[in-house]
$ cat query14.cif   # mmCIF, C-alpha atoms
data_query
loop_
_atom_site.label_atom_id
_atom_site.label_comp_id
_atom_site.auth_asym_id
_atom_site.auth_seq_id
_atom_site.Cartn_x
_atom_site.Cartn_y
_atom_site.Cartn_z
CA MET O 21 14.84 -5.57 1.20
CA SER O 22 17.94 -4.16 -1.41
CA ASN O 23 18.67 -8.41 -1.00
CA ARG O 24 21.10 -11.07 0.87
CA LEU O 25 22.13 -13.92 3.22
CA GLY O 26 25.06 -16.24 2.58
CA LEU O 27 27.28 -18.77 4.27
CA ALA O 28 31.01 -18.63 3.60
CA LEU O 29 34.12 -19.41 5.64
CA ILE O 30 37.08 -17.35 4.45
CA VAL O 31 40.32 -19.29 4.72
CA VAL O 32 43.67 -17.80 5.81
CA SER O 33 44.12 -14.43 4.09
CA ALA O 34 47.52 -15.42 2.74
CA LEU O 35 45.82 -18.07 0.66
CA LEU O 36 43.27 -15.73 -0.95
CA ALA O 37 45.45 -15.03 -3.96
CA GLY O 38 49.00 -15.98 -4.84
CA PRO O 39 51.47 -13.56 -6.45
CA ALA O 40 50.70 -14.94 -9.91
CA CYS O 41 47.02 -14.01 -9.52
CA GLN O 42 47.43 -10.44 -8.33
CA ARG O 43 47.04 -7.89 -11.12
CA SER O 44 49.01 -10.06 -13.55
CA VAL O 45 48.43 -9.59 -17.27
CA GLY O 46 48.40 -12.21 -19.99
CA GLN O 47 48.41 -11.92 -23.75
CA VAL O 48 45.13 -12.93 -25.45
CA GLY O 49 45.34 -12.31 -29.16
CA ASP O 50 45.90 -8.58 -29.62
CA ASN O 51 44.17 -7.77 -26.32
CA GLN O 52 45.67 -7.37 -22.88
CA GLU O 53 43.40 -9.04 -20.37
CA GLU O 54 43.78 -8.96 -16.59
CA ILE O 55 43.94 -12.37 -14.95
CA VAL O 56 42.08 -12.60 -11.66
CA CYS O 57 42.10 -15.78 -9.60
CA PRO O 58 38.95 -16.78 -7.71
CA THR O 59 38.89 -16.04 -3.99
CA VAL O 60 39.49 -19.13 -1.88
CA THR O 61 36.42 -19.95 0.20
CA VAL O 62 34.91 -22.97 1.84
CA ALA O 63 31.16 -23.01 1.28
CA ALA O 64 28.39 -25.40 0.44
CA ASP O 65 25.11 -24.49 -1.18
CA SER O 66 22.19 -25.38 1.06
CA PRO O 67 18.81 -24.28 -0.30
CA LEU O 68 17.15 -25.55 2.88
CA LEU O 69 19.42 -23.46 5.09
CA GLN O 70 19.00 -20.39 2.89
CA GLY O 71 15.23 -20.83 2.89
CA LEU O 72 15.12 -21.05 6.68
CA LEU O 73 17.27 -17.95 7.06
CA ASP O 74 15.01 -16.07 4.65
CA ASP O 75 11.94 -17.25 6.58
CA LEU O 76 13.38 -15.96 9.85
CA GLN O 77 13.92 -12.51 8.35
CA LEU O 78 10.45 -12.40 6.84
CA LEU O 79 8.78 -13.65 10.04
CA ALA O 80 10.67 -11.06 12.09
CA LEU O 81 9.20 -8.40 9.81
CA LEU O 82 5.68 -9.86 10.01
CA ASN O 83 5.87 -10.08 13.78
CA ARG O 84 6.87 -6.44 13.99
CA LEU O 85 4.01 -5.47 11.70
CA GLN O 86 1.40 -7.39 13.74
CA LEU O 87 -0.93 -7.66 10.75
CA SER O 88 -4.56 -8.45 11.45
CA ALA O 89 -6.30 -11.40 9.80
CA GLU O 90 -8.28 -8.89 7.70
CA GLN O 91 -5.09 -7.23 6.52
CA ILE O 92 -3.51 -10.56 5.62
CA ASN O 93 -6.57 -11.61 3.64
CA ARG O 94 -6.40 -8.34 1.71
CA LEU O 95 -2.65 -8.68 1.21
CA LEU O 96 -2.61 -12.22 -0.11
CA PRO O 97 -4.09 -11.62 -3.59
CA MET O 98 -1.91 -8.55 -4.03
CA VAL O 99 1.19 -10.51 -3.01
CA GLU O 100 0.27 -13.12 -5.61
CA GLN O 101 -0.03 -10.39 -8.25
CA LEU O 102 3.38 -9.06 -7.25
CA ARG O 103 4.81 -12.54 -7.63
CA GLN O 104 3.47 -12.64 -11.19
CA VAL O 105 5.21 -9.34 -11.97
CA ARG O 106 8.42 -10.73 -10.48
CA SER O 107 8.10 -13.99 -12.43
CA ALA O 108 7.69 -12.10 -15.70
CA ALA O 109 10.76 -9.98 -14.94
CA GLU O 110 12.76 -13.06 -13.98
CA ALA O 111 11.76 -14.77 -17.25
CA GLU O 112 13.17 -11.82 -19.22
CA VAL O 113 16.38 -11.94 -17.22
CA ALA O 114 16.66 -15.71 -17.65
CA LYS O 115 16.37 -15.39 -21.44
CA ILE O 116 19.30 -12.98 -21.56
CA GLN O 117 21.27 -15.11 -19.12
CA GLU O 118 20.81 -18.10 -21.41
CA ALA O 119 22.33 -16.17 -24.32
CA LEU O 120 25.13 -14.94 -22.06
CA VAL O 121 25.90 -18.48 -20.91
CA LYS O 122 26.15 -19.57 -24.54
CA ALA O 123 28.55 -16.75 -25.40
CA LEU O 124 30.66 -17.32 -22.29
CA THR O 125 30.86 -21.02 -23.13
CA GLU O 126 32.25 -20.09 -26.55
CA LYS O 127 34.87 -17.91 -24.91
CA ARG O 128 35.72 -20.61 -22.40
CA GLN O 129 36.41 -23.11 -25.16
CA LEU O 130 38.66 -20.64 -26.99
CA LEU O 131 40.64 -19.96 -23.82
CA LEU O 132 40.84 -23.68 -23.13
CA GLU O 133 42.40 -24.14 -26.58
CA ASP O 134 44.60 -21.05 -26.05
CA LYS O 135 43.09 -19.36 -29.09
CA PRO O 136 42.41 -15.63 -29.63
CA VAL O 137 38.97 -14.37 -28.63
CA PRO O 138 37.37 -12.59 -31.63
CA GLN O 139 36.29 -8.99 -31.18
CA GLU O 140 32.82 -10.01 -32.37
CA LEU O 141 32.48 -12.36 -29.40
CA GLU O 142 33.79 -9.76 -26.94
CA GLY O 143 31.33 -7.25 -28.35
CA ARG O 144 28.48 -9.72 -28.05
CA LEU O 145 29.41 -10.41 -24.43
CA ALA O 146 29.51 -6.69 -23.65
CA ARG O 147 26.07 -6.17 -25.21
CA LEU O 148 24.58 -9.12 -23.35
CA ARG O 149 25.99 -7.93 -20.03
CA PHE O 150 24.51 -4.49 -20.67
CA GLN O 151 21.15 -6.00 -21.63
CA LEU O 152 21.20 -8.14 -18.49
CA GLN O 153 21.85 -5.14 -16.28
CA GLN O 154 19.10 -3.18 -18.03
CA ALA O 155 16.61 -6.04 -17.66
CA GLN O 156 17.40 -6.41 -13.98
CA GLU O 157 17.05 -2.68 -13.31
CA GLN O 158 13.81 -2.44 -15.27
CA GLY O 159 12.43 -5.46 -13.44
CA VAL O 160 13.16 -3.83 -10.10
CA GLU O 161 11.47 -0.63 -11.23
CA ARG O 162 8.35 -2.51 -12.33
CA LEU O 163 8.23 -4.31 -9.00
CA ALA O 164 8.64 -1.07 -7.07
CA GLU O 165 5.79 0.49 -9.03
CA ALA O 166 3.59 -2.55 -8.43
CA ALA O 167 4.44 -2.55 -4.72
CA ARG O 168 3.05 0.98 -4.42
CA SER O 169 -0.44 -0.58 -4.34
CA LEU O 170 0.35 -2.29 -1.03
CA ARG O 171 0.99 0.94 0.87
CA PRO O 172 -2.70 1.74 1.65
CA LEU O 173 -3.11 -1.68 3.28
CA PHE O 174 -0.79 -0.78 6.17
CA THR O 175 -1.48 1.46 9.12
CA ALA O 176 0.78 4.49 9.53
CA PRO O 177 3.00 2.76 12.15
CA GLN O 178 3.19 -0.38 10.00
CA LEU O 179 4.14 1.65 6.95
CA GLU O 180 6.97 3.26 8.91
CA ILE O 181 8.32 -0.21 9.72
CA VAL O 182 7.98 -1.73 6.26
CA THR O 183 9.53 1.31 4.54
CA GLY O 184 12.41 1.79 6.99
CA ARG O 185 11.23 5.16 8.29
CA TYR O 186 11.10 3.85 11.85
CA GLU O 187 14.80 2.93 11.72
CA ALA O 188 15.56 6.34 10.23
CA ARG O 189 14.09 8.03 13.31
CA LEU O 190 16.08 5.75 15.58
CA GLN O 191 19.27 6.65 13.73
CA ALA O 192 18.51 10.36 14.05
CA ARG O 193 17.85 10.02 17.78
CA GLU O 194 21.01 7.97 18.33
CA LEU O 195 23.06 10.63 16.55
CA LEU O 196 21.70 13.44 18.72
CA ASP O 197 22.13 11.43 21.94
CA TRP O 198 25.68 10.57 20.93
CA LEU O 199 26.61 14.14 20.05
CA ARG O 200 25.28 15.43 23.37
CA GLY O 201 27.49 12.96 25.24
CA LEU O 202 30.78 13.93 23.56
CA SER O 203 33.51 16.07 25.05
CA ASP O 204 33.79 19.62 23.71
CA SER O 205 36.79 18.82 21.51
CA ASP O 206 35.25 15.64 20.14
CA PHE O 207 31.93 17.38 19.53
CA THR O 208 33.56 20.06 17.38
CA GLU O 209 35.19 17.45 15.19
CA GLU O 210 32.36 14.94 15.05
CA SER O 211 29.54 17.42 14.52
CA ALA O 212 31.35 18.90 11.52
CA ALA O 213 32.12 15.45 10.08
CA ASN O 214 28.54 14.20 10.51
CA ALA O 215 27.09 17.43 9.14
CA GLU O 216 29.26 17.05 6.03
CA GLY O 217 28.20 13.43 5.57
CA LEU O 218 24.49 14.04 6.12
CA ALA O 219 24.05 17.37 4.34
CA ASP O 220 21.33 17.28 1.71
CA PRO O 221 20.25 20.71 0.41
CA ASP O 222 17.34 19.12 -1.47
CA LYS O 223 15.89 18.13 1.91
CA GLY O 224 16.56 21.55 3.42
CA PHE O 225 19.76 20.70 5.28
CA SER O 226 23.03 22.32 4.29
CA GLN O 227 26.19 21.46 6.19
CA GLU O 228 26.07 24.82 7.97
CA THR O 229 22.42 24.30 8.97
CA LEU O 230 23.23 20.94 10.53
CA VAL O 231 26.27 22.25 12.41
CA ARG O 232 24.09 25.00 13.94
CA LEU O 233 21.34 22.50 14.77
CA PHE O 234 23.78 20.14 16.47
CA ALA O 235 25.22 23.03 18.50
CA ASP O 236 21.75 24.15 19.57
CA VAL O 237 20.81 20.62 20.61
CA ARG O 238 24.01 20.26 22.62
CA LYS O 239 23.25 23.46 24.56
CA MET O 240 19.77 22.29 25.60
CA SER O 241 19.10 21.31 29.16
CA ALA O 242 18.18 17.69 29.76
CA ALA O 243 14.56 18.70 30.34
CA ASP O 244 14.34 20.77 27.15
CA TYR O 245 16.00 18.04 25.12
CA GLU O 246 13.61 15.41 26.41
CA LYS O 247 10.67 17.67 25.57
CA GLN O 248 11.88 18.42 22.02
CA GLN O 249 13.53 15.11 21.21
CA GLY O 250 10.59 13.74 19.22
CA GLU O 251 10.32 16.84 17.06
CA LEU O 252 14.08 16.97 16.48
CA THR O 253 14.37 13.32 15.45
CA GLN O 254 11.35 13.66 13.18
CA ARG O 255 13.00 16.66 11.57
CA LEU O 256 16.30 14.86 10.99
CA ALA O 257 14.83 11.48 10.02
CA PRO O 258 14.49 12.33 6.28
CA LEU O 259 18.29 12.50 6.09
CA TYR O 260 18.38 8.79 6.93
CA SER O 261 15.21 7.82 5.10
CA PRO O 262 15.10 6.49 1.55
CA GLY O 263 12.91 8.24 -0.99
CA GLU O 264 9.47 6.89 -1.81
CA GLU O 265 10.79 4.94 -4.78
CA ASP O 266 13.35 3.19 -2.58
CA GLU O 267 10.63 2.55 0.00
CA ASN O 268 8.56 0.82 -2.67
CA ARG O 269 11.58 -1.28 -3.59
CA GLN O 270 11.91 -2.32 0.03
CA ILE O 271 8.24 -3.32 0.18
CA ALA O 272 8.65 -5.25 -3.06
CA GLY O 273 11.75 -7.00 -1.76
CA ALA O 274 9.85 -8.43 1.20
CA PHE O 275 6.44 -9.10 -0.29
CA THR O 276 7.56 -10.63 -3.59
CA HIS O 277 9.76 -13.18 -1.84
CA PRO O 278 8.72 -16.70 -2.95
CA HIS O 279 7.98 -17.68 0.67
CA MET O 280 5.92 -14.63 1.66
CA ALA O 281 2.49 -15.86 0.52
CA ASP O 282 2.92 -19.18 2.32
CA LEU O 283 4.11 -17.43 5.48
CA LEU O 284 1.06 -15.16 5.40
CA ARG O 285 -1.19 -18.21 5.10
CA GLU O 286 0.58 -19.84 8.03
CA LYS O 287 0.09 -16.65 10.04
CA LEU O 288 -3.62 -16.82 9.28
CA ARG O 289 -3.76 -20.38 10.58
CA VAL O 290 -2.01 -19.30 13.78
CA LEU O 291 -4.58 -16.52 14.12
CA GLY O 292 -7.34 -19.10 13.71
CA ASN O 293 -8.52 -17.62 10.44
CA PRO O 294 -7.17 -19.83 7.62
CA ALA O 295 -7.22 -18.43 4.12
CA GLY O 296 -9.82 -19.83 1.75
#
$ encode --input "query14.cif" --output "structure tokens"
Amino acid sequence: MSNRLGLALIVVSALLAGPACQRSVGQVGDNQEEIVCPTVTVAADSPLLQGLLDDLQLLALLNRLQLSAEQINRLLPMVEQLRQVRSAAEAEVAKIQEALVKALTEKRQLLLEDKPVPQELEGRLARLRFQLQQAQEQGVERLAEAARSLRPLFTAPQLEIVTGRYEARLQARELLDWLRGLSDSDFTEESAANAEGLADPDKGFSQETLVRLFADVRKMSAADYEKQQGELTQRLAPLYSPGEEDENRQIAGAFTHPHMADLLREKLRVLGNPAG
């Protein structure tokens, strides 16, 4: 939850990159290296603004969940444990980033002096970038696994919200409503295109199966469709839903945020049951 908010004003598109910056190639030692100019933007870092935007997203989630004081009290220590897992993963990433910064600084100085960049340095940079990516991916996996322990603390409706399953059902329903409202010619084209995009044999839906399902739904009377709508959307929802591992990542994204524990404590105070 994935991350994600930013503030940037993009200036006139003609200024984004001049002709000299577009796909031009310069000689660096024996290597050909593409020169890419930075995108022109007007932005200012504002940790306070970013923190407030993050808080609004997290509070919107908490308000949808409508957690009880008992649930929050049970969540708090687990959220703190998740934060420890995240901190350990971030420490590993920071260590590699420090080495990468050092290597990039070496390369910067060589380019500043218009000197060749040794293959040894390029190789070291490649290894460090790979290690950084690996550390980030492994950290996410550890967090997702740790977040699995939070799932039993939510009610079934709450779990649907926090994992994104609720939105998946909405998407399925919107698709069926939309297909039923199309003209015959548009339906033929759009049903085939959507069936191709959504098809997932592992979930029991081939393209042909979906095309037939869409056609059957379109033929239903308004009364029959209203009666079967819940079952149909539930059946199609897995095509929009992430797998359980991705669901755990989404839970981790929200509940390992640095502000989450404090927001939960504030919620307890609002509920008149401050945390000890």
$ residues_around --input "query14.cif" --residues "Glu286 of chain O" --least-positions-apart "5" --cutoff "12 Å" --atoms "only C-alpha atoms" --output "NGL selection string"
:O and (75 or 79 or 82 or 89 or 92-93 or 96 or 279-281 or 291-295)
$ write_last_selection --input "query14.cif" --atoms "C-alpha atoms" --output "CSV table (one decimal), in the coordinates of the input"
chain,number,residue,atom,x,y,z
O,75,ASP,CA,11.9,-17.2,6.6
O,79,LEU,CA,8.8,-13.6,10.0
O,82,LEU,CA,5.7,-9.9,10.0
O,89,ALA,CA,-6.3,-11.4,9.8
O,92,ILE,CA,-3.5,-10.6,5.6
O,93,ASN,CA,-6.6,-11.6,3.6
O,96,LEU,CA,-2.6,-12.2,-0.1
O,279,HIS,CA,8.0,-17.7,0.7
O,280,MET,CA,5.9,-14.6,1.7
O,281,ALA,CA,2.5,-15.9,0.5
O,291,LEU,CA,-4.6,-16.5,14.1
O,292,GLY,CA,-7.3,-19.1,13.7
O,293,ASN,CA,-8.5,-17.6,10.4
O,294,PRO,CA,-7.2,-19.8,7.6
O,295,ALA,CA,-7.2,-18.4,4.1
$ atom_distance --input "query14.cif" --atom1 "atom CA of Val99 of chain O" --atom2 "atom CA of Leu170 of chain O"
8.5 Å
$ closest_residue --input "query14.cif" --among "O:Lys127, O:Arg255, O:Arg84, O:Arg149" --to "Ala188 of chain O" --atoms "all atoms listed in the file"
O:Arg255
$ closest_residue --input "query14.cif" --among "O:Leu259, O:Leu78, O:Leu252, O:Leu195" --to "Ala219 of chain O" --atoms "all atoms listed in the file"
O:Leu259
$ closest_residue --input "query14.cif" --among "O:Cys57, O:Leu173, O:Glu267, O:Val237" --to "Glu251 of chain O" --atoms "only C-alpha atoms"
O:Val237
$ closest_residue --input "query14.cif" --among "O:Val56, O:Ala257, O:Leu72, O:Ala64" --to "Ala192 of chain O" --atoms "all atoms listed in the file"
O:Ala257
$ axis_aligned_box --input "query14.cif" --around "segment 157-163 of chain O" --padding-each-side "4 Å" --output "lines of an AutoDock Vina configuration file"
center_x = 12.6
center_y = -3.0
center_z = -12.1
size_x = 16.8
size_y = 12.8
size_z = 14.3
$ atom_distance --input "query14.cif" --atom1 "atom CA of Asp236 of chain O" --atom2 "atom CA of Leu190 of chain O"
19.7 Å
